[in-house]
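Comments concern the structure below.
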Amino acid sequence: MKPNSHNFKLNARHALDDKQLQRALAKVPGGFVSKRADARAALPEFDALRDKARDIKNHTLEHLDLYLEEFERKVTEAGGIVHWASDAAEARAIILDICVMVDARVVTKGKSMISEEIALNDHLEAADLKVVETDLGEYIIQLRGETPSHIIAPAVHLNKDQVEEDFRRVHTNLSPDRQLQEPEQLVGEAREMLREQFIATDVGITGANFLIAETGTSVIVTNEGNGDLTQNLAKTHIVIASIEKAVPTLEDAAAILRVLARSATGQEFSTYTTFSTGPRRPGDPDGPEAYHVVLLDNGRAELLGTEFKEVLRCIRCGACMNHCPVYHSVGGHAYGWVYPGPIGSVLTPSLIGVDEAGPLPNASTFCGRCEDVCPMRIPLPKLMRRWRAREFDKGNPPAKQRFALKAWAFAARRPWLYRMGAGLAMPLMAWRGRSAGRFSSLPFVDGWTAHRDFPAPQGRTFQQKWRAEKRKRSRVSQGRGKS
Amino acid sequence: MTVRATSSSRERILGRIRSSIGVSADEADRRVRSQKRLYDHDAHIIPSRSQKSHLELVHQFEDILIGQAATVRRVSEMTDVSNVIAAYLREHNLPARLRQGLDPRLEEINWSAAPHIDRLTGPAHPDDTAGLSHAFAGVSETGTLVMVSGPANPTTLNFLPETHIVVVSQSEIVGPYEGAWTRVREVFGERTMPRTINMISGPSRTADIEQTLIMGAHGPKRLLVIINQNS
């Protein structure tokens, strides 16, 4: 998809004004956040498992070349074919070639963010293939010509009445008088419509949550079962996965699976976790006759050698965006590319460059909740800060902002100057704001005061108060010593 | 069969990874370390909930599955399974028809007790209303069935029919996922997997519309798990 991340500020403005979107987003914090907290509380080992998950992935990344070679060897042994794609264009070409080779007309798809990253659907459709997304959320946004706004809940930005409109617009062979207000009716209708596609399909494309080197196995995790119908009813199963999905063993996959669903939806385990190894075996009555894995690099191998390599531990659970106040306010589309939320703010500049994605690492209050909940312990705020520093070094921020940051840095590195400046400014501001207790407008910070008041300081600076408190305490403890 | 010459991409990607890590292709200690990990396949942290007595594990398996909207029944003999199935189909007003694979364990069911049920064999057909499978194992930790593909239990039976009925042997209920991997290695060998392993923890569901949980998204709307205690 064509990136629109440089427009983040404008996108965010539109998102804040979009009443439908705000209505849908209001439901995000409640559901995901409390469910994850409950799941964490129900497993005493949860935080220790997060450390373990981090260690497993760090070990894997340190030996990634070797585990990918092993994975390839085991897939080949099981009768599958591994393809290596340096970039999006190569991956698209490989997949289209396979589709053409098997004379495919209909392609069904399980949910895959990599497929979004390489803009696969457009490419296949341009070659006259019928491409059908089968995850309910993905199906809905495909009908609308949209992209996912969340990595595990792609239609989280929509309300049920919008889905009803789309279904009535597209499913024209059904009775116009049918009841379609409730989610249950909408799910039932999608089930019927997609059944036909599953059965008619020639090629089934899924993503992968893990690639297991030990056995040459790809793993998908779903709740709907759409990924399984996709891969079992098609003659050809194509897995598209990025290289950092590798893990060494079944035990390593099990360890990370323990934190995946809990972090994502707050479930202890997803309804379906599926391990696929090669095509159908002799005697098998079902399953695909051919099994391909397309391994996509698209900048990741290079990223592995940078100060951003920790982002490659990500297992795409979505916890960071579920807990992000910025995501809660603007939703996923404002981020302007495939990966929204805090993970997108680090990954997008890493994959498409900071010149395009510069605003994203700045779209954070650094409240730190993303890092607190990340099952793979990715230090997202630290990595965002590094992108800010790089952006600054490239001279990308506007002159006014650069000047303000430089002035701030000058003062912050000279404690006497900082103390003097703050010591002068605070009493002055306290005096100016003494009657209202707040400012409705202030120079330089109109971006803040346009939306809310700025509280007036009390008179003394934090450092002055801190010192005074310290003196008081030492007097008290000395007094105690004497008695 | 080669779709497209991607060997150059392969070398380029592996080369880039190595240069990023700062290693060459033939460093023996890295290779030894990674091979050892693949063959040792050590378990990591096993949650305490997966390390109880077998009876407690069975109860936990049952409780969690019920919490995930599955129905659980116990039988003391394999022959009794037909009664449970007949009652379940009747309760839910479902057609007296099911499809199953060729698993010899399912042949022990005494169908003369439920002669009205039509039984078909083979992979699932789009018109099938109920599928019957035998699980490879059960994982107590999260109330998870482990299903293995093949003529004994075709994978499509797990997903196409609206009702899925699964028999699991009580003795094959293990604590953690790692217990299932041990059994997979015993049956299929080291570093070998069947075509498909499905871990199933309840009927199909979605929350993609306004985060409202709806059962039966694409897969089965109902899951009946029958624990065979005499096994």
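In the structure tokens, each chain is lettered A, B, ... as it comes, each chain's residues begin at 1, and ligands are numbered from 1 in order of appearance.
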Set out as CSV a contact list for stretch 38-87 of chain B and stretch 140-143 of chain B with a cut-off of 8 Å, giving each residue of stretch 38-87 of chain B that qualifies its closest atom pair and distance in Å to one decimal, counting only C-alpha atoms, ordered by chain and rising residue number.
residue,atom,partner,partner_atom,distance
B:Arg49,CA,B:Glu141,CA,6.4
B:Ser50,CA,B:Glu141,CA,5.3
B:Leu57,CA,B:Ser140,CA,5.5
B:Val58,CA,B:Ser140,CA,6.5
B:Gln60,CA,B:Ser140,CA,6.0
B:Phe61,CA,B:Ser140,CA,4.2
B:Glu62,CA,B:Gly143,CA,6.6
B:Asp63,CA,B:Gly143,CA,7.6
B:Ile64,CA,B:Gly143,CA,5.1
B:Leu65,CA,B:Gly143,CA,4.9
Which residue gives the smallest distance to chain A among B:Gly131, B:Pro161, B:Gly138, B:Pro154, with only C-alpha atoms counted?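 Among B:Gly131, B:Pro161, B:Gly138, B:Pro154, it is B:Pro154 that comes nearest to chain A.
Excluding stretch 127-141 of chain A and any residue on its chain fewer than 4 positions from it, the residues at most 7 Å away by only C-alpha atoms are Arg105, Val106, Val107, Thr108, Lys109, Gly110, Lys111, Asn121, His123, Gly145, Glu146, Thr147, Pro148, Ala153, Pro154, Ala155, Val163, Leu194 and Asn226 of chain A; Asp208 of chain B.
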Test item: residues at most 7 Å from B:His164, only C-alpha atoms, excluding those fewer than 3 positions along its chain, as an mmCIF file with N, CA and C atoms, in the first residue's frame:
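Output below, filename selection.cif:
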data_model
loop_
_atom_site.group_PDB
_atom_site.id
_atom_site.type_symbol
_atom_site.label_atom_id
_atom_site.label_comp_id
_atom_site.auth_asym_id
_atom_site.auth_seq_id
_atom_site.Cartn_x
_atom_site.Cartn_y
_atom_site.Cartn_z
ATOM 1 N N ALA B 130 -22.655 -32.966 10.938
ATOM 2 C CA ALA B 130 -21.853 -33.267 12.126
ATOM 3 C C ALA B 130 -20.651 -34.124 11.747
ATOM 4 N N GLY B 131 -19.530 -33.861 12.398
ATOM 5 C CA GLY B 131 -18.320 -34.659 12.193
ATOM 6 C C GLY B 131 -17.940 -35.325 13.500
ATOM 7 N N LEU B 132 -17.404 -36.549 13.390
ATOM 8 C CA LEU B 132 -16.945 -37.269 14.582
ATOM 9 C C LEU B 132 -15.466 -37.606 14.404
ATOM 10 N N ASN B 158 -12.802 -31.343 11.177
ATOM 11 C CA ASN B 158 -12.649 -30.408 12.290
ATOM 12 C C ASN B 158 -13.270 -29.041 12.002
ATOM 13 N N PRO B 161 -18.264 -29.243 9.155
ATOM 14 C CA PRO B 161 -19.619 -29.429 9.705
ATOM 15 C C PRO B 161 -19.919 -28.447 10.841
ATOM 16 N N PRO B 220 -17.004 -24.949 13.270
ATOM 17 C CA PRO B 220 -18.175 -25.478 13.976
ATOM 18 C C PRO B 220 -18.806 -24.474 14.935
ATOM 19 N N ARG B 222 -20.821 -25.694 17.276
ATOM 20 C CA ARG B 222 -20.929 -26.482 18.510
ATOM 21 C C ARG B 222 -19.781 -27.486 18.578
ATOM 22 N N LEU B 223 -19.251 -27.665 19.793
ATOM 23 C CA LEU B 223 -18.208 -28.672 20.005
ATOM 24 C C LEU B 223 -18.610 -29.549 21.179
ATOM 25 N N LEU B 224 -18.731 -30.852 20.915
ATOM 26 C CA LEU B 224 -19.006 -31.825 21.980
ATOM 27 C C LEU B 224 -17.750 -32.656 22.197
#
Skip A:Gly331 itself and residues of its chain fewer than 6 positions away, then list as a PyMOL selection string all residues within 9 Å of it, counting only C-alpha atoms. chain A and resi 12+15+21-22+25+149-150+156-157+321+340-341
